[in-house]
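Enquirer: Please find entry-v3.csv (CSV, C-alpha atoms) on the next line:
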chain,number,residue,atom,x,y,z
A,108,MET,CA,31.4,75.9,-78.3
A,109,ASN,CA,35.2,75.2,-78.5
A,110,LYS,CA,36.0,78.4,-76.6
A,111,PHE,CA,33.4,77.6,-73.9
A,112,TYR,CA,34.8,74.1,-73.6
A,113,TRP,CA,38.3,75.4,-73.4
A,114,ARG,CA,37.4,77.7,-70.4
A,115,LEU,CA,35.6,74.7,-68.7
A,116,VAL,CA,38.7,72.6,-69.0
A,117,LEU,CA,41.0,75.3,-67.6
A,118,GLY,CA,38.5,75.9,-64.7
A,119,ASP,CA,38.5,72.2,-64.0
A,120,TYR,CA,42.3,71.8,-64.2
A,121,PHE,CA,43.3,74.9,-62.3
A,122,GLY,CA,40.2,75.6,-60.1
A,123,GLU,CA,38.1,78.7,-60.5
A,124,SER,CA,40.2,80.7,-58.0
A,125,GLU,CA,43.2,80.4,-60.4
A,126,LEU,CA,41.2,81.0,-63.6
A,127,ARG,CA,41.8,84.8,-63.8
A,128,LYS,CA,43.6,86.2,-66.8
A,129,THR,CA,46.5,88.5,-65.9
A,130,PRO,CA,45.7,91.9,-67.4
A,131,PHE,CA,47.9,93.1,-70.3
A,132,THR,CA,49.3,89.8,-71.2
A,133,PRO,CA,49.2,88.0,-74.6
A,134,PRO,CA,46.3,85.7,-75.2
A,135,SER,CA,46.9,82.0,-74.5
A,136,ASP,CA,45.4,78.9,-76.2
A,137,TRP,CA,47.1,76.3,-74.0
A,138,MET,CA,45.0,73.2,-73.2
A,139,PRO,CA,46.0,70.4,-70.8
A,140,LYS,CA,46.3,67.0,-72.5
A,141,ARG,CA,43.3,64.8,-72.7
A,142,ARG,CA,44.6,62.4,-69.9
A,143,TYR,CA,44.5,65.3,-67.5
A,144,ARG,CA,40.9,66.1,-68.1
A,145,SER,CA,38.3,64.7,-65.8
A,146,GLU,CA,35.7,62.2,-66.9
A,147,ALA,CA,32.9,64.7,-66.2
A,148,ILE,CA,34.4,67.3,-68.5
A,149,LEU,CA,34.9,64.7,-71.3
A,150,GLU,CA,31.3,63.5,-70.9
A,151,PHE,CA,30.0,67.0,-70.9
A,152,LYS,CA,31.7,67.9,-74.1
A,153,SER,CA,30.1,64.8,-75.8
A,154,THR,CA,26.6,65.7,-74.5
A,155,LEU,CA,27.0,69.4,-75.4
A,156,GLY,CA,28.0,68.5,-79.0
A,157,GLU,CA,24.9,66.3,-79.4
A,158,ILE,CA,22.6,69.1,-78.1
A,159,ILE,CA,24.1,71.6,-80.5
A,160,GLU,CA,23.8,69.3,-83.5
A,161,ARG,CA,20.1,68.7,-82.6
A,162,GLU,CA,19.5,72.4,-82.4
A,163,ARG,CA,21.1,73.0,-85.8
A,164,GLU,CA,18.6,70.6,-87.3
A,165,VAL,CA,15.6,72.6,-86.0
A,166,GLN,CA,14.6,75.3,-88.5
A,167,GLY,CA,13.3,78.3,-86.6
A,168,LYS,CA,10.6,80.5,-88.2
A,169,PRO,CA,12.2,83.7,-89.5
A,170,ASN,CA,11.2,87.0,-87.9
A,171,LEU,CA,11.4,88.9,-91.2
A,172,THR,CA,9.4,88.6,-94.4
A,173,ARG,CA,11.2,87.7,-97.7
A,174,LYS,CA,10.7,91.4,-98.9
A,175,GLU,CA,12.2,92.7,-95.6
A,176,ARG,CA,15.2,90.5,-95.9
A,177,ALA,CA,15.7,91.5,-99.5
A,178,ALA,CA,15.4,95.2,-98.5
A,179,LEU,CA,18.0,94.8,-95.8
A,180,THR,CA,20.4,93.0,-98.2
A,181,GLU,CA,20.0,95.8,-100.8
A,182,LEU,CA,20.7,98.5,-98.2
A,183,ARG,CA,23.8,96.6,-96.9
A,184,GLN,CA,25.2,96.3,-100.4
A,185,SER,CA,24.4,99.8,-101.6
A,186,MET,CA,27.5,101.9,-102.4
A,187,ASP,CA,25.5,105.1,-102.8
A,188,ILE,CA,24.5,105.7,-99.2
A,189,VAL,CA,26.1,105.9,-95.8
A,190,MET,CA,24.3,105.0,-92.6
A,191,LYS,CA,25.6,106.6,-89.3
A,192,PRO,CA,24.2,107.2,-85.8
A,193,VAL,CA,23.6,110.8,-85.0
A,194,ASP,CA,25.9,112.9,-82.9
A,195,LYS,CA,23.3,113.4,-80.2
A,196,GLY,CA,20.4,111.0,-79.6
A,197,SER,CA,19.6,107.5,-80.8
A,198,SER,CA,18.5,108.1,-84.4
A,199,ILE,CA,20.2,106.8,-87.5
A,200,VAL,CA,20.9,109.0,-90.5
A,201,ILE,CA,20.9,107.7,-94.1
A,202,MET,CA,23.0,110.1,-96.2
A,203,ASP,CA,23.9,110.3,-99.9
A,204,LYS,CA,27.5,109.0,-100.0
A,205,GLN,CA,28.7,112.0,-102.0
A,206,GLN,CA,27.3,114.4,-99.5
A,207,TYR,CA,28.9,112.5,-96.6
A,208,LEU,CA,32.3,112.6,-98.4
A,209,PHE,CA,31.8,116.3,-99.1
A,210,GLU,CA,31.5,117.1,-95.4
A,211,ALA,CA,34.4,114.8,-94.5
A,212,HIS,CA,36.7,116.3,-97.1
A,213,ARG,CA,35.7,119.8,-96.0
A,214,GLN,CA,36.9,119.1,-92.5
A,215,LEU,CA,40.1,117.2,-93.6
A,216,ASN,CA,41.1,120.0,-96.0
A,217,ASN,CA,41.1,122.4,-93.1
A,218,THR,CA,44.9,122.9,-92.6
A,219,GLU,CA,44.4,124.5,-89.3
A,220,HIS,CA,43.4,121.1,-87.8
A,221,TYR,CA,44.9,118.5,-90.3
A,222,THR,CA,48.1,118.1,-92.2
A,223,LYS,CA,48.4,115.7,-95.1
A,224,LEU,CA,51.3,113.3,-94.7
A,225,LYS,CA,53.5,112.3,-97.7
A,226,GLU,CA,53.7,108.7,-96.5
A,227,LEU,CA,52.4,106.4,-93.7
A,228,ILE,CA,54.3,106.7,-90.4
A,229,TYR,CA,52.6,104.3,-88.1
A,230,TRP,CA,55.1,101.5,-88.7
A,231,GLU,CA,57.9,103.9,-87.9
A,232,THR,CA,56.1,105.0,-84.7
A,233,HIS,CA,55.5,101.3,-83.8
A,234,THR,CA,59.2,100.7,-84.0
A,235,GLU,CA,60.0,103.7,-81.8
A,236,ILE,CA,57.5,102.6,-79.2
A,237,ARG,CA,58.8,99.1,-79.1
A,238,ASN,CA,62.4,100.4,-78.6
A,239,ILE,CA,61.3,102.6,-75.7
A,240,LEU,CA,59.5,99.7,-74.1
A,241,GLN,CA,62.4,97.4,-74.5
A,242,GLU,CA,64.7,100.0,-72.8
A,243,LEU,CA,62.2,100.1,-69.9
A,244,GLU,CA,62.2,96.3,-69.7
A,245,ARG,CA,66.0,96.2,-69.6
A,246,ALA,CA,66.0,98.9,-66.8
A,247,GLY,CA,63.6,96.7,-64.8
A,248,TYR,CA,60.6,98.9,-65.0
A,249,LEU,CA,58.5,96.6,-67.1
A,250,LYS,CA,58.2,92.8,-67.3
A,251,GLY,CA,58.6,90.7,-70.5
A,252,LYS,CA,55.0,89.6,-70.7
A,253,LEU,CA,53.7,93.1,-70.5
A,254,VAL,CA,56.1,94.4,-73.1
A,255,GLU,CA,55.1,91.5,-75.4
A,256,TYR,CA,51.4,92.5,-75.0
A,257,LEU,CA,52.0,96.2,-75.5
A,258,THR,CA,54.1,95.7,-78.7
A,259,GLY,CA,52.3,92.6,-80.0
A,260,ILE,CA,49.9,94.4,-82.3
A,261,GLN,CA,49.7,94.8,-86.1
A,262,PRO,CA,49.2,98.5,-86.3
A,263,ARG,CA,46.9,100.1,-88.9
A,264,ALA,CA,46.2,103.6,-89.9
A,265,ARG,CA,43.7,105.5,-87.8
A,266,LYS,CA,40.2,105.7,-89.3
A,267,PHE,CA,38.4,109.1,-89.7
A,268,TYR,CA,34.6,109.3,-89.9
A,269,ILE,CA,31.9,111.8,-88.9
A,270,LEU,CA,28.6,111.7,-87.0
A,271,PRO,CA,25.9,113.9,-88.5
A,272,LYS,CA,24.9,116.8,-86.1
A,273,ILE,CA,21.2,117.0,-87.2
A,274,HIS,CA,20.3,118.7,-83.9
A,275,LYS,CA,21.8,121.9,-85.3
A,276,ASN,CA,19.6,124.4,-87.0
A,277,PRO,CA,19.2,123.3,-90.7
A,278,ASP,CA,19.9,126.8,-91.8
A,279,SER,CA,23.4,126.6,-90.3
A,280,TRP,CA,24.3,123.3,-92.0
A,281,THR,CA,27.2,122.9,-94.4
A,282,ALA,CA,24.6,122.9,-97.2
A,283,PRO,CA,21.5,124.5,-95.5
A,284,GLY,CA,18.8,121.9,-95.2
A,285,GLU,CA,20.8,119.2,-97.1
A,286,ILE,CA,24.2,118.4,-95.6
A,287,PRO,CA,24.5,118.5,-91.8
A,288,PRO,CA,27.8,119.3,-90.2
A,289,GLY,CA,29.6,116.2,-88.8
A,290,ARG,CA,31.4,115.6,-85.5
A,291,PRO,CA,34.8,114.3,-86.5
A,292,ILE,CA,35.9,111.0,-84.9
A,293,VAL,CA,39.4,109.5,-85.3
A,294,SER,CA,39.3,105.8,-84.3
A,295,ASP,CA,42.5,104.8,-82.5
A,296,TYR,CA,41.5,101.1,-82.2
A,297,SER,CA,44.4,98.7,-83.2
A,298,SER,CA,46.8,101.6,-83.8
A,299,GLU,CA,50.4,101.4,-82.7
A,300,SER,CA,49.7,103.3,-79.5
A,301,TYR,CA,46.3,101.8,-78.7
A,302,ARG,CA,47.6,99.2,-76.1
A,303,ILE,CA,49.9,101.8,-74.5
A,304,ALA,CA,46.9,104.1,-74.0
A,305,GLU,CA,44.9,101.2,-72.7
A,306,PHE,CA,47.6,100.4,-70.1
A,307,ILE,CA,48.0,104.1,-69.1
A,308,ASP,CA,44.2,104.5,-68.8
A,309,ALA,CA,43.9,101.5,-66.5
A,310,SER,CA,46.8,102.7,-64.3
A,311,LEU,CA,45.4,106.3,-64.0
A,312,THR,CA,41.9,104.9,-63.3
A,313,ARG,CA,43.1,103.1,-60.2
A,314,LEU,CA,44.8,106.3,-59.0
A,315,SER,CA,41.8,108.5,-59.6
A,316,GLN,CA,39.5,106.2,-57.6
A,317,LYS,CA,41.6,106.9,-54.5
A,318,HIS,CA,40.9,110.6,-54.7
A,319,PRO,CA,38.3,111.8,-52.1
A,320,SER,CA,36.4,113.7,-54.9
A,321,TYR,CA,36.1,110.6,-57.1
A,322,ILE,CA,32.5,109.8,-58.3
A,323,LYS,CA,32.0,106.6,-60.3
A,324,ASP,CA,28.6,107.3,-61.7
A,325,THR,CA,25.2,108.8,-60.9
A,326,TYR,CA,24.3,106.0,-58.4
A,327,HIS,CA,27.6,106.5,-56.6
A,328,PHE,CA,26.8,110.2,-56.4
A,329,VAL,CA,23.3,109.7,-55.0
A,330,SER,CA,24.5,107.1,-52.5
A,331,ASP,CA,27.1,109.5,-51.1
A,332,MET,CA,24.8,112.5,-50.9
A,333,THR,CA,23.2,113.5,-47.7
A,334,PHE,CA,19.8,115.1,-48.2
A,335,GLN,CA,18.4,117.4,-45.5
A,336,VAL,CA,14.7,118.2,-45.7
A,337,SER,CA,13.6,121.2,-43.6
A,338,ALA,CA,10.3,121.2,-41.9
A,339,PRO,CA,7.6,123.5,-43.5
Spit out the file's structure as structure tokens when you get a sec.

Expert:
Amino acid sequence: MNKFYWRLVLGDYFGESELRKTPFTPPSDWMPKRRYRSEAILEFKSTLGEIIEREREVQGKPNLTRKERAALTELRQSMDIVMKPVDKGSSIVIMDKQQYLFEAHRQLNNTEHYTKLKELIYWETHTEIRNILQELERAGYLKGKLVEYLTGIQPRARKFYILPKIHKNPDSWTAPGEIPPGRPIVSDYSSESYRIAEFIDASLTRLSQKHPSYIKDTYHFVSDMTFQVSAP
């Protein structure tokens, strides 16, 4: 409710035409002082608060039985299983945790693709990236707000996980019929280079859309196609 009200206040103060967040800038929590807010906005907040409080007092009928809720809680808290979406399709796989770890370690121990580090390096990389961006700022290529956004992140180690490839022939699985191979995924979210990649992707996307061969999606393809039907 507070976030919704905050956006309403900004929209009322600046006007909707000005209420557009500049991309790649740090988030703001600035709020105009109460004396600059219109009476309609103040009254709306009071009314909205009363409505929400009334709704909280209404006890809705649960859509799960007590046994179903207990089963979900037990699954969520279980440390012996892993639940993952499949690599292809919309199914969910429930795996024994030790079997899941066996397949993950099998892949990570492949020195052709992975090398074990002696220590974490993402803080060092974060410092290197910040220094490069600050040099570009001093040279006039980047603005301060953009540099603040690109470097204003608390980096974390990338996370590795696998998606079971159950569409493969069970005879070809890591353990035939028991442990399916996994598609390796390395999550880059919140890493030291995540916002850099986000900025580069947005810049390249705008350039790619100018190319004559650019196709956004299937609907775009169909709308641009010219079909010729010959007479029988």

Enquirer: As an exercise, work out the distance from atom CA of A:Ala211 to atom CA of A:Lys266 in Å and give it to one decimal place.

Expert: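 Interatomic distance, atom CA of A:Ala211 to atom CA of A:Lys266: 12.0 Å.
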
Enquirer: Which residue, A:Phe121, A:Tyr326, A:Tyr301, A:Phe111, has the smallest gap to A:Thr258 when you use all atoms listed in the file?

Expert: A:Tyr301

Enquirer: Would you mind telling me which residue in A:Leu227, A:Ile201, A:Ile292, A:Leu171 lies nearest to A:Leu215 when using only C-alpha atoms?

Expert: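 Of A:Leu227, A:Ile201, A:Ile292, A:Leu171, the one nearest A:Leu215 is A:Ile292, counting only C-alpha atoms.
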
Enquirer: When you draw a straight line from atom CA of A:Pro133 to atom CA of A:Tyr256, how long is it in Å?

Expert: 5.0 Å

Enquirer: Hey, can you check how far atom CA of A:Tyr229 sits from atom CA of A:Thr129?

Expert: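 Calculated distance between atom CA of A:Tyr229 and atom CA of A:Thr129 is 27.9 Å.
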
Enquirer: Which residues are near stretch 245-250 of chain A? Cut-off 12 Å, only C-alpha atoms, ignore same chain within fewer than 5 positions. Put them as an MDAnalysis selection string.

Expert: chainID A and resid 131:132 238:240 255:257 306
